[in-house]
Structures are given as structure tokens and as C-alpha cells.
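J.: Sharing my_file24.pdb, PDB, C-alpha atoms:
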MODEL        1
ATOM      1  CA  MET W   1       3.116 -17.932   8.440
ATOM      2  CA  LEU W   2       3.705 -14.796  10.502
ATOM      3  CA  SER W   3       4.887 -14.979  14.041
ATOM      4  CA  PHE W   4       2.694 -12.001  14.930
ATOM      5  CA  PHE W   5      -0.537 -13.575  13.675
ATOM      6  CA  PRO W   6      -0.100 -17.350  13.215
ATOM      7  CA  MET W   7      -3.758 -18.286  13.795
ATOM      8  CA  ARG W   8      -6.161 -19.189  11.030
ATOM      9  CA  GLY W   9      -7.979 -16.210   9.545
ATOM     10  CA  PHE W  10     -11.606 -15.125   9.798
ATOM     11  CA  LEU W  11     -12.512 -14.721   6.100
ATOM     12  CA  GLY W  12     -12.775 -18.446   5.402
ATOM     13  CA  THR W  13      -9.745 -18.693   3.129
ATOM     14  CA  GLY W  14      -6.391 -20.330   3.791
ATOM     15  CA  ALA W  15      -5.018 -17.062   5.171
ATOM     16  CA  THR W  16      -3.775 -16.303   8.645
ATOM     17  CA  ILE W  17      -5.564 -13.820  10.846
ATOM     18  CA  GLY W  18      -2.801 -11.310  10.016
ATOM     19  CA  ALA W  19      -3.397 -11.596   6.277
ATOM     20  CA  ASP W  20      -7.174 -11.363   6.745
ATOM     21  CA  LEU W  21      -6.819  -8.344   9.020
ATOM     22  CA  ASN W  22      -4.441  -6.743   6.530
ATOM     23  CA  ILE W  23      -6.756  -7.150   3.529
ATOM     24  CA  VAL W  24      -9.692  -5.696   5.484
ATOM     25  CA  VAL W  25      -7.584  -2.765   6.733
ATOM     26  CA  GLN W  26      -6.249  -2.151   3.203
ATOM     27  CA  LEU W  27      -9.783  -2.030   1.761
ATOM     28  CA  ILE W  28     -10.887   0.372   4.506
ATOM     29  CA  MET W  29      -7.843   2.522   3.769
ATOM     30  CA  GLY W  30      -8.761   2.538   0.072
ATOM     31  CA  VAL W  31     -12.230   3.859   0.922
ATOM     32  CA  SER W  32     -10.625   6.383   3.289
ATOM     33  CA  LEU W  33      -8.361   7.659   0.512
ATOM     34  CA  ILE W  34     -11.399   8.274  -1.672
ATOM     35  CA  ALA W  35     -13.091  10.057   1.238
ATOM     36  CA  GLY W  36      -9.948  12.151   1.686
ATOM     37  CA  THR W  37     -10.015  13.029  -1.997
ATOM     38  CA  LEU W  38     -13.594  14.220  -1.620
ATOM     39  CA  LEU W  39     -12.516  16.361   1.335
ATOM     40  CA  ALA W  40      -9.968  18.095  -0.917
ATOM     41  CA  LYS W  41     -12.571  18.531  -3.633
ATOM     42  CA  HIS W  42     -14.725  20.362  -1.064
ATOM     43  CA  LYS W  43     -11.694  22.499  -0.101
ATOM     44  CA  ARG W  44     -11.380  20.948   3.354
ATOM     45  CA  TYR W  45      -7.623  20.720   3.010
ATOM     46  CA  LYS W  46      -6.706  20.266   6.665
ATOM     47  CA  ALA W  47      -9.124  17.318   7.041
ATOM     48  CA  HIS W  48      -7.852  15.976   3.691
ATOM     49  CA  GLY W  49      -4.264  16.113   4.893
ATOM     50  CA  ILE W  50      -5.069  14.421   8.193
ATOM     51  CA  CYS W  51      -7.050  11.677   6.454
ATOM     52  CA  GLN W  52      -4.454  10.929   3.796
ATOM     53  CA  THR W  53      -1.505  11.109   6.207
ATOM     54  CA  THR W  54      -3.254   8.785   8.658
ATOM     55  CA  VAL W  55      -3.825   6.234   5.890
ATOM     56  CA  LEU W  56      -0.210   6.545   4.755
ATOM     57  CA  LEU W  57       1.143   5.971   8.272
ATOM     58  CA  LEU W  58      -1.270   3.110   8.972
ATOM     59  CA  ASN W  59      -0.139   1.514   5.727
ATOM     60  CA  LEU W  60       3.484   1.878   6.816
ATOM     61  CA  LEU W  61       2.561   0.005  10.007
ATOM     62  CA  MET W  62       0.822  -2.768   8.030
ATOM     63  CA  ILE W  63       3.856  -3.053   5.744
ATOM     64  CA  GLY W  64       6.099  -3.461   8.766
ATOM     65  CA  LEU W  65       3.886  -5.913  10.645
ATOM     66  CA  VAL W  66       2.314  -8.029   7.918
ATOM     67  CA  MET W  67       3.367  -7.459   4.332
ATOM     68  CA  GLY W  68       7.120  -6.980   4.774
ATOM     69  CA  PRO W  69       7.652 -10.106   6.891
ATOM     70  CA  SER W  70       5.376 -12.124   4.605
ATOM     71  CA  PHE W  71       7.315 -10.977   1.533
ATOM     72  CA  GLN W  72      10.636 -11.782   3.211
ATOM     73  CA  GLN W  73       9.460 -15.233   4.230
ATOM     74  CA  GLN W  74       7.479 -16.345   1.179
ATOM     75  CA  VAL W  75       8.631 -14.382  -1.856
ATOM     76  CA  ARG W  76      12.205 -13.174  -1.530
ATOM     77  CA  PRO W  77      13.778 -16.630  -1.096
ATOM     78  CA  ALA W  78      12.057 -17.911  -4.237
ATOM     79  CA  LEU W  79      12.434 -14.891  -6.529
ATOM     80  CA  SER W  80      15.506 -16.016  -8.420
ATOM     81  CA  LYS W  81      14.128 -19.511  -9.042
ATOM     82  CA  VAL W  82      10.420 -19.109  -9.757
ATOM     83  CA  LEU W  83       9.643 -15.528 -10.769
ATOM     84  CA  HIS W  84       7.786 -16.937 -13.783
ATOM     85  CA  LYS W  85       5.066 -18.393 -11.538
ATOM     86  CA  TRP W  86       1.920 -16.288 -11.030
ATOM     87  CA  TYR W  87       2.012 -16.828  -7.255
ATOM     88  CA  TYR W  88       5.342 -15.018  -6.999
ATOM     89  CA  GLU W  89       4.921 -12.579  -9.883
ATOM     90  CA  VAL W  90       1.805 -10.942  -8.472
ATOM     91  CA  ALA W  91       3.443 -10.558  -5.057
ATOM     92  CA  ALA W  92       6.689  -9.177  -6.480
ATOM     93  CA  ILE W  93       4.938  -6.632  -8.723
ATOM     94  CA  HIS W  94       2.645  -5.651  -5.862
ATOM     95  CA  GLY W  95       5.641  -5.230  -3.563
ATOM     96  CA  VAL W  96       7.600  -3.030  -5.967
ATOM     97  CA  LEU W  97       4.606  -0.824  -6.818
ATOM     98  CA  GLY W  98       3.643  -0.692  -3.141
ATOM     99  CA  ILE W  99       7.081   0.599  -2.173
ATOM    100  CA  VAL W 100       6.896   3.235  -4.910
ATOM    101  CA  ALA W 101       3.415   4.319  -3.732
ATOM    102  CA  GLU W 102       4.477   4.484  -0.082
ATOM    103  CA  VAL W 103       7.655   6.471  -0.831
ATOM    104  CA  LEU W 104       5.756   8.850  -3.132
ATOM    105  CA  GLY W 105       3.112   9.302  -0.422
ATOM    106  CA  LEU W 106       5.766  10.078   2.179
ATOM    107  CA  TYR W 107       7.345  12.569  -0.215
ATOM    108  CA  ILE W 108       3.991  14.281  -0.781
ATOM    109  CA  VAL W 109       3.357  14.498   2.976
ATOM    110  CA  ILE W 110       6.811  15.944   3.604
ATOM    111  CA  VAL W 111       6.351  18.553   0.856
ATOM    112  CA  ALA W 112       2.798  19.408   1.896
ATOM    113  CA  GLY W 113       3.243  19.401   5.654
ATOM    114  CA  THR W 114       6.791  20.612   6.311
ATOM    115  CA  ASP W 115       9.496  22.967   5.103
ATOM    116  CA  VAL W 116      12.205  20.320   5.491
ATOM    117  CA  LEU W 117      13.036  19.978   1.799
ATOM    118  CA  PRO W 118      14.762  22.747  -0.155
ATOM    119  CA  GLN W 119      12.631  24.585  -2.703
ATOM    120  CA  TRP W 120      14.208  22.792  -5.682
ATOM    121  CA  LEU W 121      12.973  19.416  -4.290
ATOM    122  CA  ARG W 122       9.432  20.642  -3.739
ATOM    123  CA  PHE W 123       6.634  20.411  -6.303
ATOM    124  CA  THR W 124       3.954  22.972  -7.059
ATOM    125  CA  ASN W 125       1.541  20.981  -9.233
ATOM    126  CA  TRP W 126      -0.405  19.516  -6.301
ATOM    127  CA  LYS W 127      -3.269  17.993  -8.248
ATOM    128  CA  TRP W 128      -1.009  16.068 -10.611
ATOM    129  CA  TRP W 129       1.111  14.561  -7.813
ATOM    130  CA  MET W 130      -1.843  13.660  -5.626
ATOM    131  CA  ARG W 131      -3.866  12.207  -8.469
ATOM    132  CA  THR W 132      -0.850  10.183  -9.576
ATOM    133  CA  GLU W 133      -0.505   8.871  -6.013
ATOM    134  CA  LEU W 134      -4.210   8.003  -5.804
ATOM    135  CA  VAL W 135      -4.110   6.098  -9.112
ATOM    136  CA  LEU W 136      -0.910   4.309  -8.086
ATOM    137  CA  TRP W 137      -2.438   3.436  -4.701
ATOM    138  CA  ALA W 138      -5.554   2.041  -6.416
ATOM    139  CA  ILE W 139      -3.371  -0.127  -8.669
ATOM    140  CA  VAL W 140      -1.408  -1.351  -5.645
ATOM    141  CA  LEU W 141      -4.619  -2.068  -3.731
ATOM    142  CA  LEU W 142      -5.931  -4.141  -6.632
ATOM    143  CA  GLY W 143      -2.559  -5.890  -6.763
ATOM    144  CA  GLY W 144      -2.879  -6.596  -3.053
ATOM    145  CA  VAL W 145      -6.293  -8.144  -3.568
ATOM    146  CA  GLY W 146      -4.760 -10.169  -6.403
ATOM    147  CA  THR W 147      -1.925 -11.268  -4.135
ATOM    148  CA  TYR W 148      -4.370 -12.255  -1.402
ATOM    149  CA  CYS W 149      -6.412 -14.271  -3.914
ATOM    150  CA  ALA W 150      -3.318 -15.918  -5.412
ATOM    151  CA  TRP W 151      -1.950 -16.862  -2.018
ATOM    152  CA  TYR W 152      -5.051 -17.780  -0.052
ATOM    153  CA  VAL W 153      -8.161 -18.135  -2.201
ATOM    154  CA  ALA W 154      -6.766 -20.095  -5.174
ATOM    155  CA  PRO W 155      -3.128 -20.842  -4.403
ATOM    156  CA  PHE W 156      -1.194 -22.364  -7.281
ATOM    157  CA  ARG W 157       2.527 -22.892  -6.854
TER     158      ARG W 157
ENDMDL
END
Would you mind writing the file's structure down as C-alpha cells?
T.:
Amino acid sequence: MLSFFPMRGFLGTGATIGADLNIVVQLIMGVSLIAGTLLAKHKRYKAHGICQTTVLLLNLLMIGLVMGPSFQQQVRPALSKVLHKWYYEVAAIHGVLGIVAEVLGLYIVIVAGTDVLPQWLRFTNWKWWMRTELVLWAIVLLGGVGTYCAWYVAPFR
């Protein structure tokens, strides 16, 4: 499937090692985001920022190495013909929501960690934006697990 990780995976499904590694990394990142949220709750904002930014950047790497190429190879060519099939629908929805979550996360990091954006593009309601991002990320993570299951555990085309 992917030229980076073409070998059979280690989770016992039909996935490649890249897909298996990605799902494990994504689940660890999900736990890390919750840990980062707890850091903020305990007013450890610097550690919170480092944790959340690290997860965001690691996710960007996983998108570039695993999910993006997989989407380009397996989903994009078939979208116009078979979007009504669960196999493609779950991946397409996951991809769109994942892009929104990643862009929103990058926006939050830029606003929180830099003065690059003008004041009118910056937000002040931190809790609302970060909670929205956490909920969106959780939905995307569940969609990713659904995509993994649709593609490798019970693939129906």
C-alpha cells in the first residue's frame, strides 16, 4: 500500500506496518491530549503547550507519511464513483474533519505561542477554542479508528 511501509502489520489485521504504527501512534496521541488537558486544568500552561504542540506536530508528520499518501492512493481516485460506499465514506469524512482539526490546532498554536497574527485575527476565549479542538480531535480519532476498521479489520468494498 504505502511505499514507506509496505510490509504486513503487527496488529494481526490486513493492514500494513505503516497503518498499524499510525493507529497506535494516534491512540497514544489521543491519551497525550487528555494528559495535556489535565496539565492546563492544574495551571501548568507551559507543559500543556509543549504537550499539545508536540502532538499536533507529530500528527502533521503522520498525515504526511501515512494518512495523506494512503488517502491519495486509495480514496481520492474513487471518490466521484463510489462515495456512497461505507469504505470510502468513513475515510472521506475522517479526512475532511482531520484537516479541519489540524488547521484549527495550528491556528491555536500560532495564536497562543506567537505574535505573528494581527490582533483582529487572535481569539481571547481560550477555553472555548481549546475545548472545541479537543472535541473535534476526539471525533477525528474515533473516525480514524473507524477508518482503520473499515479498511483492515472488516473491509467491504
J.: Fewer than 3 positions away in the same chain doesn't count, so skip those; otherwise give me all residues within 7 Å of Val140 in chain W, counting all atoms listed in the file, as a PyMOL selection string.
T.: chain W and resi 94+97-98+136-137+143-144
J.: Grab the CA of Asp115 in chain W to CA of Thr54 in chain W distance for me, in Å with one decimal place.
T.: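 Distance between the two atoms: 19.4 Å.
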J.: Rounded to one decimal in Å, what is the spacing between CA of Cys51 in chain W and CA of Leu134 in chain W?
T.: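 So the two atoms, CA of Cys51 in chain W and CA of Leu134 in chain W, lie 13.1 Å apart.
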J.: Counting all atoms listed in the file, which residues come within 9 Å of (-4.9, -2.1, 11.6), with the point read in the file's coordinates, and could you list them as a compact mmCIF listing (two decimals) with C-alpha atoms, in the coordinates of the input?
T.:
# COMPACT_ATOMS: atom_id res chain seq x y z
CA LEU W 21 -6.82 -8.34 9.02
CA ASN W 22 -4.44 -6.74 6.53
CA VAL W 24 -9.69 -5.70 5.48
CA VAL W 25 -7.58 -2.76 6.73
CA GLN W 26 -6.25 -2.15 3.20
CA LEU W 58 -1.27 3.11 8.97
CA ASN W 59 -0.14 1.51 5.73
CA LEU W 61 2.56 0.00 10.01
CA MET W 62 0.82 -2.77 8.03
J.: To one decimal place, how far is CA of Tyr148 in chain W from CA of Ile34 in chain W in Å?
T.: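 Straight-line distance from CA of Tyr148 in chain W to CA of Ile34 in chain W works out to 21.7 Å.
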J.: Name every residue that the PyMOL selection byres ((chain W and resi 10) around 12) selects in this structure, writing the answer as a list in words with chains first and numbers rising.
T.: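 Those residues are Phe5, Met7, Arg8, Gly9, Leu11, Gly12, Thr13, Gly14, Ala15, Thr16, Ile17, Gly18, Ala19, Asp20, Leu21, Asn22, Ile23 and Val24 of chain W.
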J.: Go through W:Cys149, W:Val75, W:Val135, W:Ile50 one by one, measure the shortest atom-to-atom distance of each to Ala92 in chain W using all atoms listed in the file, and give the residue with the smallest value.
T.: W:Val75
J.: List as a ChimeraX atom specification the protein and nucleic acid residues near range 31-33 of chain W, meaning an atom at most 8 Å away when only C-alpha atoms are counted, but skip any in the same chain fewer than 3 places from it.
T.: /W:27-28,36-37,51-52,55,134
J.: Atoms are missing here; could range 132-143 of chain W be completed with all heavy atoms and written as an mmCIF file, in the coordinates of the input?
T.:
data_model
loop_
_atom_site.group_PDB
_atom_site.id
_atom_site.type_symbol
_atom_site.label_atom_id
_atom_site.label_comp_id
_atom_site.auth_asym_id
_atom_site.auth_seq_id
_atom_site.Cartn_x
_atom_site.Cartn_y
_atom_site.Cartn_z
ATOM 1 N N THR W 132 -1.769 11.271 -9.220
ATOM 2 C CA THR W 132 -0.850 10.183 -9.576
ATOM 3 C C THR W 132 -0.750 9.205 -8.411
ATOM 4 O O THR W 132 -0.814 7.987 -8.602
ATOM 5 C CB THR W 132 0.542 10.746 -9.944
ATOM 6 O OG1 THR W 132 0.397 11.602 -11.077
ATOM 7 C CG2 THR W 132 1.522 9.633 -10.241
ATOM 8 N N GLU W 133 -0.596 9.729 -7.199
ATOM 9 C CA GLU W 133 -0.505 8.871 -6.013
ATOM 10 C C GLU W 133 -1.790 8.074 -5.806
ATOM 11 O O GLU W 133 -1.744 6.879 -5.489
ATOM 12 C CB GLU W 133 -0.193 9.722 -4.775
ATOM 13 C CG GLU W 133 -0.210 8.962 -3.473
ATOM 14 C CD GLU W 133 0.925 7.955 -3.294
ATOM 15 O OE1 GLU W 133 1.730 7.741 -4.215
ATOM 16 O OE2 GLU W 133 0.986 7.356 -2.204
ATOM 17 N N LEU W 134 -2.934 8.707 -5.994
ATOM 18 C CA LEU W 134 -4.210 8.003 -5.804
ATOM 19 C C LEU W 134 -4.370 6.870 -6.831
ATOM 20 O O LEU W 134 -4.775 5.760 -6.470
ATOM 21 C CB LEU W 134 -5.380 8.977 -5.909
ATOM 22 C CG LEU W 134 -6.768 8.378 -5.647
ATOM 23 C CD1 LEU W 134 -6.873 7.835 -4.222
ATOM 24 C CD2 LEU W 134 -7.853 9.415 -5.903
ATOM 25 N N VAL W 135 -4.026 7.138 -8.077
ATOM 26 C CA VAL W 135 -4.110 6.098 -9.112
ATOM 27 C C VAL W 135 -3.130 4.967 -8.803
ATOM 28 O O VAL W 135 -3.485 3.779 -8.876
ATOM 29 C CB VAL W 135 -3.857 6.686 -10.520
ATOM 30 C CG1 VAL W 135 -3.657 5.593 -11.553
ATOM 31 C CG2 VAL W 135 -5.009 7.601 -10.923
ATOM 32 N N LEU W 136 -1.906 5.321 -8.427
ATOM 33 C CA LEU W 136 -0.910 4.309 -8.086
ATOM 34 C C LEU W 136 -1.392 3.485 -6.895
ATOM 35 O O LEU W 136 -1.280 2.256 -6.888
ATOM 36 C CB LEU W 136 0.439 4.968 -7.791
ATOM 37 C CG LEU W 136 1.598 4.046 -7.463
ATOM 38 C CD1 LEU W 136 1.838 3.029 -8.576
ATOM 39 C CD2 LEU W 136 2.852 4.863 -7.203
ATOM 40 N N TRP W 137 -1.947 4.142 -5.883
ATOM 41 C CA TRP W 137 -2.438 3.436 -4.701
ATOM 42 C C TRP W 137 -3.572 2.479 -5.086
ATOM 43 O O TRP W 137 -3.641 1.353 -4.594
ATOM 44 C CB TRP W 137 -2.909 4.422 -3.644
ATOM 45 C CG TRP W 137 -2.967 3.828 -2.278
ATOM 46 C CD1 TRP W 137 -3.824 2.862 -1.835
ATOM 47 C CD2 TRP W 137 -2.132 4.118 -1.173
ATOM 48 N NE1 TRP W 137 -3.578 2.555 -0.524
ATOM 49 C CE2 TRP W 137 -2.535 3.316 -0.091
ATOM 50 C CE3 TRP W 137 -1.079 5.006 -0.972
ATOM 51 C CZ2 TRP W 137 -1.935 3.370 1.155
ATOM 52 C CZ3 TRP W 137 -0.497 5.053 0.267
ATOM 53 C CH2 TRP W 137 -0.906 4.241 1.309
ATOM 54 N N ALA W 138 -4.455 2.915 -5.972
ATOM 55 C CA ALA W 138 -5.554 2.041 -6.416
ATOM 56 C C ALA W 138 -5.001 0.808 -7.134
ATOM 57 O O ALA W 138 -5.485 -0.313 -6.907
ATOM 58 C CB ALA W 138 -6.506 2.814 -7.325
ATOM 59 N N ILE W 139 -3.993 1.006 -7.971
ATOM 60 C CA ILE W 139 -3.371 -0.127 -8.669
ATOM 61 C C ILE W 139 -2.743 -1.081 -7.659
ATOM 62 O O ILE W 139 -2.886 -2.302 -7.761
ATOM 63 C CB ILE W 139 -2.330 0.379 -9.695
ATOM 64 C CG1 ILE W 139 -3.034 1.098 -10.840
ATOM 65 C CG2 ILE W 139 -1.451 -0.760 -10.204
ATOM 66 C CD1 ILE W 139 -2.109 1.903 -11.734
ATOM 67 N N VAL W 140 -2.048 -0.523 -6.672
ATOM 68 C CA VAL W 140 -1.408 -1.351 -5.645
ATOM 69 C C VAL W 140 -2.460 -2.080 -4.815
ATOM 70 O O VAL W 140 -2.292 -3.258 -4.485
ATOM 71 C CB VAL W 140 -0.480 -0.492 -4.752
ATOM 72 C CG1 VAL W 140 0.025 -1.284 -3.562
ATOM 73 C CG2 VAL W 140 0.693 0.032 -5.577
ATOM 74 N N LEU W 141 -3.552 -1.416 -4.490
ATOM 75 C CA LEU W 141 -4.619 -2.068 -3.731
ATOM 76 C C LEU W 141 -5.205 -3.242 -4.521
ATOM 77 O O LEU W 141 -5.396 -4.331 -3.975
ATOM 78 C CB LEU W 141 -5.721 -1.066 -3.373
ATOM 79 C CG LEU W 141 -6.890 -1.613 -2.565
ATOM 80 C CD1 LEU W 141 -6.432 -2.193 -1.233
ATOM 81 C CD2 LEU W 141 -7.923 -0.518 -2.332
ATOM 82 N N LEU W 142 -5.446 -3.040 -5.794
ATOM 83 C CA LEU W 142 -5.931 -4.141 -6.632
ATOM 84 C C LEU W 142 -4.902 -5.258 -6.710
ATOM 85 O O LEU W 142 -5.244 -6.445 -6.685
ATOM 86 C CB LEU W 142 -6.286 -3.639 -8.035
ATOM 87 C CG LEU W 142 -7.514 -2.739 -8.122
ATOM 88 C CD1 LEU W 142 -7.654 -2.170 -9.536
ATOM 89 C CD2 LEU W 142 -8.774 -3.478 -7.713
ATOM 90 N N GLY W 143 -3.623 -4.888 -6.791
ATOM 91 C CA GLY W 143 -2.559 -5.890 -6.763
ATOM 92 C C GLY W 143 -2.516 -6.640 -5.447
ATOM 93 O O GLY W 143 -2.226 -7.837 -5.402
#
